[in-house]
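File shown: my_file.cif. Contents: mmCIF, C-alpha atoms and all ligand atoms.
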data_final
loop_
_atom_site.label_atom_id
_atom_site.label_comp_id
_atom_site.auth_asym_id
_atom_site.auth_seq_id
_atom_site.Cartn_x
_atom_site.Cartn_y
_atom_site.Cartn_z
CA MET A 25 103.58 175.70 205.43
CA SER A 26 102.04 172.26 205.85
CA LEU A 27 102.23 169.70 203.09
CA PRO A 28 98.98 168.47 201.57
CA SER A 29 97.85 165.26 203.22
CA PRO A 30 98.30 162.14 201.07
CA ILE A 31 95.27 160.89 199.19
CA PRO A 32 93.84 157.88 201.02
CA SER A 33 94.14 154.67 199.03
CA PRO A 34 92.19 151.95 200.85
CA ILE A 35 92.06 148.50 199.35
CA PRO A 36 88.55 147.73 198.08
CA SER A 37 86.95 144.76 199.84
CA LEU A 38 85.75 143.34 196.52
CA ILE A 39 86.19 144.01 192.82
CA PHE A 40 83.66 142.71 190.30
CA ASP A 41 85.28 142.27 186.89
CA ALA A 42 82.57 142.25 184.20
CA HIS A 43 84.66 140.82 181.37
CA LEU A 44 87.48 138.28 181.40
CA ASP A 45 88.36 135.79 178.66
CA LEU A 46 89.71 133.27 181.17
CA SER A 47 89.10 130.07 179.22
CA MET A 48 90.30 131.62 175.95
CA ASN A 49 93.62 132.29 177.68
CA ALA A 50 93.75 128.74 178.97
CA MET A 51 92.66 126.94 175.82
CA GLU A 52 93.97 129.13 172.99
CA TRP A 53 96.92 131.00 174.50
CA ASN A 54 97.78 127.78 176.39
CA ARG A 55 98.25 129.56 179.71
CA ASP A 56 97.85 127.72 183.00
CA ILE A 57 96.43 130.71 184.83
CA ARG A 58 96.71 128.95 188.20
CA GLN A 59 100.42 129.77 187.97
CA PRO A 60 101.95 133.05 189.20
CA LEU A 61 102.13 135.83 186.62
CA ILE A 62 105.91 135.66 186.45
CA GLU A 63 105.85 131.93 185.76
CA ILE A 64 103.36 132.30 182.90
CA ARG A 65 105.59 135.02 181.44
CA ARG A 66 108.69 132.85 181.86
CA ARG A 67 107.08 130.00 179.91
CA GLU A 68 106.39 132.37 176.99
CA ILE A 69 109.96 133.58 176.55
CA GLY A 70 110.88 133.16 172.91
CA LEU A 71 107.31 132.53 171.70
CA LYS A 72 106.42 134.71 168.73
CA ASP A 73 103.06 133.30 167.66
CA LEU A 74 101.00 136.11 169.27
CA PRO A 75 101.85 139.80 169.82
CA ASP A 76 101.10 139.70 173.56
CA ARG A 77 103.32 136.74 174.50
CA GLY A 78 104.99 137.32 177.86
CA ASN A 79 102.88 140.43 178.50
CA ASN A 80 100.00 138.79 180.40
CA THR A 81 98.40 140.55 183.35
CA VAL A 82 95.81 138.00 184.54
CA CYS A 83 96.15 134.87 186.64
CA LEU A 84 94.10 133.46 189.49
CA PRO A 85 96.67 134.22 192.25
CA GLU A 86 96.80 137.88 191.15
CA MET A 87 92.99 138.05 191.06
CA ARG A 88 92.95 136.83 194.66
CA ARG A 89 95.68 139.28 195.69
CA GLY A 90 93.70 142.12 194.11
CA ARG A 91 90.41 140.95 195.70
CA ILE A 92 88.79 140.33 192.31
CA GLY A 93 86.56 137.66 193.74
CA LEU A 94 83.77 137.85 191.21
CA CYS A 95 83.90 138.02 187.45
CA VAL A 96 81.93 137.54 184.29
CA ALA A 97 83.92 134.95 182.37
CA THR A 98 83.43 134.41 178.67
CA GLN A 99 83.05 131.74 176.11
CA ILE A 100 84.15 133.15 172.76
CA ALA A 101 84.33 131.60 169.29
CA ARG A 102 83.49 133.37 166.09
CA PHE A 103 82.49 132.07 162.69
CA SER A 104 84.46 133.61 159.85
CA GLY A 105 83.73 131.25 156.98
CA ARG A 106 82.57 133.86 154.49
CA PHE A 107 84.41 136.71 156.18
CA SER A 108 88.04 135.72 155.80
CA ARG A 109 89.30 139.20 156.73
CA LEU A 110 88.80 138.28 160.39
CA PRO A 111 90.06 135.23 162.26
CA GLY A 112 87.53 132.62 163.25
CA TRP A 113 86.18 129.14 162.65
CA GLN A 114 85.14 127.84 159.25
CA SER A 115 81.73 126.71 160.49
CA PRO A 116 79.38 127.64 163.35
CA GLU A 117 79.49 123.98 164.40
CA GLN A 118 83.23 124.29 165.09
CA ALA A 119 82.53 127.50 167.02
CA TRP A 120 79.94 125.69 169.18
CA ALA A 121 82.39 122.88 169.88
CA GLN A 122 85.05 125.45 170.83
CA THR A 123 82.74 127.11 173.39
CA GLN A 124 81.97 123.70 174.84
CA GLY A 125 85.69 123.03 175.18
CA GLN A 126 86.05 126.35 176.98
CA LEU A 127 83.22 125.34 179.30
CA ALA A 128 85.04 122.07 180.02
CA TRP A 129 88.01 124.13 181.27
CA TYR A 130 85.74 126.14 183.59
CA ARG A 131 84.27 122.87 184.92
CA THR A 132 87.76 121.45 185.50
CA MET A 133 88.73 124.57 187.46
CA GLU A 134 85.57 124.15 189.54
CA GLU A 135 86.56 120.57 190.35
CA ALA A 136 90.00 121.84 191.36
CA GLY A 137 88.42 124.35 193.76
CA GLU A 138 89.84 127.33 191.85
CA LEU A 139 86.54 128.66 190.50
CA VAL A 140 82.91 128.39 191.50
CA GLN A 141 80.08 129.01 189.05
CA LEU A 142 77.38 131.41 190.21
CA ARG A 143 73.99 131.02 188.56
CA SER A 144 71.49 132.97 190.67
CA TRP A 145 71.38 136.14 192.75
CA PRO A 146 71.49 134.22 196.07
CA ASP A 147 74.68 132.48 194.79
CA VAL A 148 76.23 135.82 193.84
CA ASN A 149 75.21 137.56 197.04
CA ALA A 150 76.56 134.81 199.29
CA HIS A 151 79.84 134.73 197.37
CA ALA A 152 80.20 138.53 197.51
CA GLN A 153 79.62 138.48 201.27
CA LEU A 154 82.21 135.72 201.70
CA TRP A 155 84.86 137.77 199.90
CA ARG A 156 83.97 141.05 201.54
CA SER A 157 84.20 139.50 205.01
CA SER A 158 87.41 137.47 204.47
CA PRO A 159 90.63 139.28 205.42
CA ASP A 160 92.70 136.63 203.66
CA THR A 161 91.53 135.73 200.14
CA ALA A 162 94.52 133.58 199.15
CA LYS A 163 92.58 130.33 199.33
CA LEU A 164 89.09 131.47 198.31
CA PRO A 165 87.58 130.23 195.04
CA ILE A 166 86.86 132.95 192.49
CA GLY A 167 83.19 133.20 191.54
CA TYR A 168 82.30 133.40 187.88
CA LEU A 169 79.17 134.12 185.89
CA LEU A 170 79.16 132.63 182.42
CA SER A 171 78.71 134.85 179.36
CA LEU A 172 79.09 134.44 175.62
CA GLU A 173 80.92 137.05 173.53
CA GLY A 174 79.51 136.85 170.01
CA ALA A 175 76.70 134.37 169.36
CA ASP A 176 77.88 132.77 166.11
CA SER A 177 78.29 129.49 168.00
CA ILE A 178 74.57 129.32 168.88
CA LEU A 179 73.44 126.96 166.12
CA SER A 180 69.72 126.95 166.94
CA PRO A 181 67.21 127.91 169.66
CA LYS A 182 67.88 124.50 171.23
CA HIS A 183 71.55 125.41 171.61
CA LEU A 184 70.64 128.62 173.42
CA GLU A 185 68.40 126.59 175.73
CA LYS A 186 71.27 124.25 176.38
CA ALA A 187 73.63 127.17 177.05
CA ARG A 188 71.13 128.58 179.57
CA GLU A 189 71.04 125.20 181.31
CA GLN A 190 74.83 125.36 181.46
CA GLY A 191 74.52 128.61 183.40
CA LEU A 192 74.83 131.24 180.67
CA ILE A 193 73.57 134.53 182.14
CA ALA A 194 74.63 137.13 179.53
CA LEU A 195 75.17 137.21 175.79
CA GLY A 196 76.58 139.69 173.26
CA PRO A 197 75.12 138.82 169.84
CA VAL A 198 78.14 139.97 167.81
CA HIS A 199 81.88 140.58 168.00
CA TYR A 200 83.99 142.33 165.31
CA GLY A 201 82.60 142.67 161.79
CA PRO A 202 79.61 140.84 160.37
CA GLY A 203 78.09 137.93 162.25
CA ILE A 204 75.20 135.52 161.95
CA TYR A 205 72.98 137.54 164.27
CA GLY A 206 73.97 141.12 163.43
CA HIS A 207 76.83 143.51 162.80
CA GLY A 208 79.66 144.23 165.17
CA THR A 209 82.51 146.67 165.66
CA ASP A 210 83.73 148.36 162.44
CA ASP A 211 80.69 147.12 160.52
CA ALA A 212 77.26 148.55 159.72
CA GLY A 213 73.69 147.31 159.58
CA PRO A 214 70.86 146.20 161.83
CA LEU A 215 70.46 142.82 163.49
CA THR A 216 69.55 140.02 161.09
CA PRO A 217 66.12 138.30 161.27
CA ARG A 218 67.84 135.52 163.24
CA GLY A 219 69.18 138.20 165.56
CA HIS A 220 65.63 139.40 166.21
CA GLU A 221 64.55 135.85 167.08
CA LEU A 222 67.60 135.45 169.31
CA LEU A 223 66.65 138.55 171.32
CA GLN A 224 63.13 137.26 171.79
CA GLN A 225 64.39 133.93 173.07
CA MET A 226 66.92 135.65 175.35
CA GLU A 227 64.06 137.63 176.88
CA GLU A 228 62.08 134.43 177.46
CA LEU A 229 65.08 132.70 179.05
CA GLY A 230 66.04 135.72 181.20
CA ILE A 231 69.46 136.20 179.56
CA ILE A 232 71.08 139.65 179.93
CA LEU A 233 71.82 141.41 176.63
CA ASP A 234 75.43 142.60 176.49
CA VAL A 235 75.44 145.49 174.00
CA THR A 236 79.24 145.62 173.75
CA HIS A 237 80.47 145.20 170.15
CA LEU A 238 77.10 145.98 168.54
CA CYS A 239 77.68 148.48 165.72
CA ASP A 240 75.53 151.61 165.94
CA GLU A 241 72.67 150.32 163.78
CA SER A 242 72.56 146.96 165.49
CA PHE A 243 72.77 148.70 168.89
CA TRP A 244 69.69 150.85 168.23
CA ASP A 245 67.85 147.96 166.61
CA ALA A 246 68.53 145.79 169.67
CA LEU A 247 67.47 148.49 172.14
CA SER A 248 64.20 149.09 170.30
CA ARG A 249 63.27 145.40 170.36
CA TYR A 250 64.71 143.90 173.54
CA ARG A 251 62.75 144.58 176.74
CA GLY A 252 64.93 142.57 179.13
CA PRO A 253 67.93 143.69 181.20
CA LEU A 254 71.00 144.96 179.38
CA TRP A 255 74.54 145.97 180.21
CA ALA A 256 77.74 146.90 178.39
CA SER A 257 80.39 144.62 179.83
CA HIS A 258 83.56 146.24 178.40
CA HIS A 259 82.94 149.58 176.77
CA ASN A 260 84.37 153.10 176.94
CA CYS A 261 83.37 156.58 175.74
CA ARG A 262 83.64 157.67 172.13
CA ALA A 263 83.98 161.30 173.25
CA LEU A 264 87.40 160.38 174.69
CA ALA A 265 88.50 157.74 172.16
CA ASP A 266 87.00 158.37 168.76
CA TRP A 267 86.19 154.98 167.23
CA ASN A 268 82.87 153.18 166.75
CA ARG A 269 84.03 150.51 169.25
CA GLN A 270 83.17 153.02 171.99
CA LEU A 271 79.77 154.35 173.06
CA ALA A 272 78.55 157.71 171.76
CA ASP A 273 76.94 160.01 174.32
CA ASP A 274 73.38 159.34 173.08
CA GLN A 275 74.03 155.60 173.47
CA ILE A 276 75.33 156.15 177.01
CA ARG A 277 72.18 158.16 177.78
CA ALA A 278 69.92 155.42 176.41
CA LEU A 279 71.73 152.76 178.47
CA ILE A 280 71.41 154.81 181.65
CA GLU A 281 67.68 155.25 181.00
CA ARG A 282 67.40 151.46 180.80
CA GLY A 283 69.24 151.02 184.12
CA ALA A 284 72.34 149.52 182.52
CA VAL A 285 75.82 149.37 184.02
CA ILE A 286 78.80 150.02 181.72
CA GLY A 287 82.09 148.23 182.46
CA MET A 288 85.22 150.27 181.75
CA ALA A 289 87.74 148.60 179.43
CA PHE A 290 91.49 149.04 180.00
CA ASP A 291 92.58 148.40 176.42
CA ALA A 292 94.62 151.43 175.30
CA ILE A 293 93.02 151.38 171.88
CA MET A 294 89.68 152.14 173.57
CA MET A 295 91.04 154.82 175.90
CA VAL A 296 92.64 157.55 173.77
CA HIS A 297 92.19 159.26 170.42
CA ASN A 298 94.45 158.26 167.52
CA TRP A 299 95.92 154.99 168.84
CA THR A 300 97.40 153.01 165.95
CA HIS A 301 96.92 149.28 166.44
CA HIS A 302 100.20 147.34 166.83
CA LYS A 303 102.21 150.57 166.41
CA SER A 304 101.35 152.95 169.25
CA LYS A 305 102.76 152.39 172.71
CA PRO A 306 101.27 153.48 176.06
CA ALA A 307 104.33 155.71 176.60
CA ASP A 308 103.51 157.65 173.41
CA PHE A 309 100.39 158.88 175.21
CA GLN A 310 101.82 158.81 178.76
CA LEU A 311 98.79 156.59 179.33
CA LYS A 312 98.09 155.95 183.01
CA MET A 313 95.20 154.51 185.01
CA GLU A 314 94.00 158.04 185.57
CA LYS A 315 92.67 157.97 182.00
CA VAL A 316 90.15 155.30 183.02
CA CYS A 317 88.85 157.78 185.57
CA GLU A 318 88.13 160.26 182.78
CA HIS A 319 85.94 157.65 181.07
CA ILE A 320 84.26 156.84 184.38
CA ASP A 321 83.70 160.52 185.08
CA HIS A 322 82.29 161.14 181.59
CA ILE A 323 79.55 158.58 182.20
CA CYS A 324 78.91 159.77 185.76
CA GLN A 325 78.50 163.36 184.52
CA ILE A 326 75.92 162.22 181.94
CA ALA A 327 74.11 160.12 184.57
CA GLY A 328 74.34 162.73 187.33
CA ASN A 329 75.47 159.96 189.69
CA ALA A 330 78.00 157.12 190.01
CA ARG A 331 75.52 154.25 189.71
CA HIS A 332 75.98 153.19 186.09
CA VAL A 333 79.71 152.49 185.84
CA GLY A 334 81.66 149.38 186.72
CA ILE A 335 84.91 147.65 185.84
CA GLY A 336 85.12 145.44 182.72
CA PRO A 337 88.80 145.74 181.85
CA ASP A 338 89.02 142.91 179.28
CA LEU A 339 92.60 142.31 180.45
CA ASP A 340 94.45 139.64 178.43
CA GLY A 341 91.63 139.87 175.90
CA GLY A 342 94.11 139.40 173.03
CA TYR A 343 96.63 141.99 174.28
CA GLY A 344 98.81 142.56 177.33
CA THR A 345 101.07 145.18 178.89
CA GLU A 346 101.97 146.51 175.43
CA GLN A 347 98.43 147.92 175.23
CA VAL A 348 97.34 148.91 178.75
CA PRO A 349 98.13 151.88 181.03
CA MET A 350 101.83 152.07 181.94
CA ASP A 351 101.07 151.74 185.66
CA LEU A 352 99.16 148.46 185.24
CA ASN A 353 101.36 145.37 185.42
CA SER A 354 98.86 142.96 186.95
CA ILE A 355 95.10 142.67 187.31
CA ALA A 356 95.76 143.26 191.04
CA ASP A 357 96.60 146.87 190.10
CA LEU A 358 92.92 147.61 189.41
CA ARG A 359 92.73 148.76 193.01
CA SER A 360 95.02 151.70 192.21
CA LEU A 361 92.01 153.46 190.67
CA VAL A 362 91.04 154.43 194.22
CA ALA A 363 93.55 157.28 194.41
CA PRO A 364 92.65 159.11 191.17
CA LEU A 365 88.92 158.61 191.81
CA THR A 366 89.33 160.05 195.29
CA ALA A 367 91.29 162.96 193.85
CA LYS A 368 88.39 163.65 191.48
CA GLY A 369 86.06 163.91 194.48
CA TYR A 370 84.45 160.46 194.42
CA GLN A 371 83.32 159.34 197.87
CA PRO A 372 84.12 155.88 199.29
CA VAL A 373 80.53 154.75 198.64
CA ASP A 374 80.80 155.80 194.96
CA ILE A 375 84.13 154.02 194.61
CA ASP A 376 82.72 150.84 196.11
CA ASN A 377 79.77 151.07 193.73
CA ILE A 378 82.14 151.43 190.77
CA PHE A 379 84.32 148.50 191.92
CA ALA A 380 81.44 146.13 192.67
CA GLY A 381 78.21 147.63 194.00
CA ASN A 382 76.68 148.73 190.72
CA PHE A 383 76.97 145.37 188.97
CA LEU A 384 75.83 143.63 192.17
CA ARG A 385 72.74 145.85 192.38
CA PHE A 386 72.02 145.13 188.71
CA LEU A 387 72.24 141.38 189.32
CA ALA A 388 70.07 141.64 192.45
CA GLU A 389 67.40 143.21 190.26
CA HIS A 390 67.71 141.03 187.18
CA LEU A 391 69.31 137.66 187.89
CA GLN A 392 66.65 135.09 188.60
ZN ZN B 401 85.41 142.24 173.39
#
Could I get this file's structure written as structure tokens?
Ligand SMILES: [Zn+2]
Amino acid sequence: MSLPSPIPSPIPSLIFDAHLDLSMNAMEWNRDIRQPLIEIRRREIGLKDLPDRGNNTVCLPEMRRGRIGLCVATQIARFSGRFSRLPGWQSPEQAWAQTQGQLAWYRTMEEAGELVQLRSWPDVNAHAQLWRSSPDTAKLPIGYLLSLEGADSILSPKHLEKAREQGLIALGPVHYGPGIYGHGTDDAGPLTPRGHELLQQMEELGIILDVTHLCDESFWDALSRYRGPLWASHHNCRALADWNRQLADDQIRALIERGAVIGMAFDAIMMVHNWTHHKSKPADFQLKMEKVCEHIDHICQIAGNARHVGIGPDLDGGYGTEQVPMDLNSIADLRSLVAPLTAKGYQPVDIDNIFAGNFLRFLAEHLQ
């Protein structure tokens, strides 16, 4: 009797990561992400100020090792003045200043040759080709597209114009709870009148609407008004993880009809039913990367193809190894999705589309 042949596990030539809070990690977690993973962990031994200290999975050397040569990198700063239940700044002006500080870190990394900002499709395409054709990526700069998670920091239409000039290509109007422009995760209600104006200006400026974190009412309100391109940068399926943070099937259908790509998040709380925040552990659920494939497959079955899913893991987005699949220690492990996807019957072309091709096609169509 012959043994079954091993499942092929080729290394993808390029991974496009649709959601990384790189500057938040640098400027708020005080991580020098140019350092090796182990060194960042070593420097956090004994720190107790945040639950994910010492559990980080993202740094630039590991991104290069894992061929994550392109990412959507965020600015993020919420306003919580009236909403003290959630952390945030006491005024939108402080939030704006915080995002500008985060941008200063991105600029400094560009000067150091670590990152390169991509603003247009020709930029993105050339950078993708460079990474795909380079056997050794150890010295290549990582390309980033700038996005804003939660728009509380946008003080006025002039500030959005300024952000666009700075290279902002995508924007999610809200984050958790109530915001200036609408209602986010765990909240209810449509976009505010200022949210409606924001969408109109985004359309005029050619900014992609990121629907991630919109609560259901704000989601449908946004889709009925906004005619421009939209994606969901870090978002899983409610059918597999029952919480309003995830997309219901009718929302997935509506996004597919609009040509959107949905980036799969690797946060355990968004992957399984009944996760208890700060209590559950990945081992309680025997949570492995394979679970991500179930979310991918759920969307592909609704779509009837593999053209609307990408990778938006949100790694080190306020949590670390205590809240990700047990077989993920580093962002370089994203590549290990190849084996379970292959086992599910996905062809190499589908897998390449999921790793990078779908978001690249979206940007070819929509990034001016
Ligand atoms: Zn998020």
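Proximal residues of ligand ZN 401 (chain B) are Glu173, His199, His237, His258 and Asp338 of chain A, by a cut-off of 7 Å on all atoms listed in the file.
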Write out as JSON lines a residue-level contact list of stretch 266-353 of chain A versus stretch 216-235 of chain A with cut-off 12 Å: for each qualifying residue the closest pair of atoms and the distance in Å to one decimal, counting all atoms listed in the file, rows sorted by chain and residue number upward.
{"residue": "A:Arg269", "atom": "CA", "partner": "A:Val235", "partner_atom": "CA", "distance": 11.0}
{"residue": "A:Gln270", "atom": "CA", "partner": "A:Val235", "partner_atom": "CA", "distance": 11.0}
{"residue": "A:Leu271", "atom": "CA", "partner": "A:Val235", "partner_atom": "CA", "distance": 9.9}
{"residue": "A:Gln275", "atom": "CA", "partner": "A:Val235", "partner_atom": "CA", "distance": 10.2}
{"residue": "A:Ile276", "atom": "CA", "partner": "A:Val235", "partner_atom": "CA", "distance": 11.1}
{"residue": "A:Ala278", "atom": "CA", "partner": "A:Val235", "partner_atom": "CA", "distance": 11.6}
{"residue": "A:Leu279", "atom": "CA", "partner": "A:Val235", "partner_atom": "CA", "distance": 9.3}
{"residue": "A:Arg282", "atom": "CA", "partner": "A:Leu233", "partner_atom": "CA", "distance": 11.7}
{"residue": "A:Ala284", "atom": "CA", "partner": "A:Asp234", "partner_atom": "CA", "distance": 9.7}
{"residue": "A:Val285", "atom": "CA", "partner": "A:Asp234", "partner_atom": "CA", "distance": 10.1}
{"residue": "A:Ile286", "atom": "CA", "partner": "A:Val235", "partner_atom": "CA", "distance": 9.6}
{"residue": "A:Gly287", "atom": "CA", "partner": "A:Asp234", "partner_atom": "CA", "distance": 10.6}
{"residue": "A:Gly336", "atom": "CA", "partner": "A:Asp234", "partner_atom": "CA", "distance": 11.9}
Can you spit out the residues from that selection as a PDB file, in the coordinates of the input, using C-alpha atoms?
ATOM      1  CA  ARG A 269      84.030 150.510 169.250  1.00  0.00           C
ATOM      2  CA  GLN A 270      83.170 153.020 171.990  1.00  0.00           C
ATOM      3  CA  LEU A 271      79.770 154.350 173.060  1.00  0.00           C
ATOM      4  CA  GLN A 275      74.030 155.600 173.470  1.00  0.00           C
ATOM      5  CA  ILE A 276      75.330 156.150 177.010  1.00  0.00           C
ATOM      6  CA  ALA A 278      69.920 155.420 176.410  1.00  0.00           C
ATOM      7  CA  LEU A 279      71.730 152.760 178.470  1.00  0.00           C
ATOM      8  CA  ARG A 282      67.400 151.460 180.800  1.00  0.00           C
ATOM      9  CA  ALA A 284      72.340 149.520 182.520  1.00  0.00           C
ATOM     10  CA  VAL A 285      75.820 149.370 184.020  1.00  0.00           C
ATOM     11  CA  ILE A 286      78.800 150.020 181.720  1.00  0.00           C
ATOM     12  CA  GLY A 287      82.090 148.230 182.460  1.00  0.00           C
ATOM     13  CA  GLY A 336      85.120 145.440 182.720  1.00  0.00           C
TER      14      GLY A 336
END
Residues of stretch 226-282 of chain A within 7 Å of stretch 310-330 of chain A: nearest atom pair and distance (Å, one decimal) for each, counting only C-alpha atoms, sorted by chain and number, as a tab-separated table?
residue	atom	partner	partner_atom	distance
A:Asn260	CA	A:His319	CA	6.3
A:Cys261	CA	A:His319	CA	6.0
A:Arg277	CA	A:Ile326	CA	6.9
A:Ile280	CA	A:Ala327	CA	6.6
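Residues having any atom no farther than 9 Å from (83.3, 132.7, 175.5) (counting only C-alpha atoms) are Asp45, Leu46, Ser47, Met48, Ala97, Thr98, Gln99, Ile100, Ala101, Gln122, Thr123, Gln126, Leu127, Leu170, Ser171, Leu172, Glu173 and Gly174 of chain A.
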Atom CA of A:Ala119 and atom CA of A:Pro197 are how many Å apart?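 For atom CA of A:Ala119 relative to atom CA of A:Pro197, the distance reads 13.8 Å.
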Residue list as an NGL selection string for point (94.1, 162.3, 167.4), cut-off 12 Å, only C-alpha atoms: :A and (263-267 or 293 or 295-300 or 304 or 309)
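For stretch 364-366 of chain A, the non-local neighbours within 8 Å, defined as residues at least 2 positions apart in the same chain or in other chains and counting all atoms listed in the file, are Ile31, Pro32, Glu314, Cys317, Ser360, Leu361, Val362, Lys368, Gly369, Tyr370, Gln371, Pro372 and Ile375 of chain A.
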Selected residues written out, C-alpha atoms, as an mmCIF file, in the coordinates of the input:
data_model
loop_
_atom_site.group_PDB
_atom_site.id
_atom_site.type_symbol
_atom_site.label_atom_id
_atom_site.label_comp_id
_atom_site.auth_asym_id
_atom_site.auth_seq_id
_atom_site.Cartn_x
_atom_site.Cartn_y
_atom_site.Cartn_z
ATOM 1 C CA ILE A 31 95.270 160.890 199.190
ATOM 2 C CA PRO A 32 93.840 157.880 201.020
ATOM 3 C CA GLU A 314 94.000 158.040 185.570
ATOM 4 C CA CYS A 317 88.850 157.780 185.570
ATOM 5 C CA SER A 360 95.020 151.700 192.210
ATOM 6 C CA LEU A 361 92.010 153.460 190.670
ATOM 7 C CA VAL A 362 91.040 154.430 194.220
ATOM 8 C CA LYS A 368 88.390 163.650 191.480
ATOM 9 C CA GLY A 369 86.060 163.910 194.480
ATOM 10 C CA TYR A 370 84.450 160.460 194.420
ATOM 11 C CA GLN A 371 83.320 159.340 197.870
ATOM 12 C CA PRO A 372 84.120 155.880 199.290
ATOM 13 C CA ILE A 375 84.130 154.020 194.610
#
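Distances here use all atoms listed in the file; by that measure, the residue among A:Asp76, A:Ile92, A:Pro165, A:Ala187 closest to A:Glu135 is A:Pro165.
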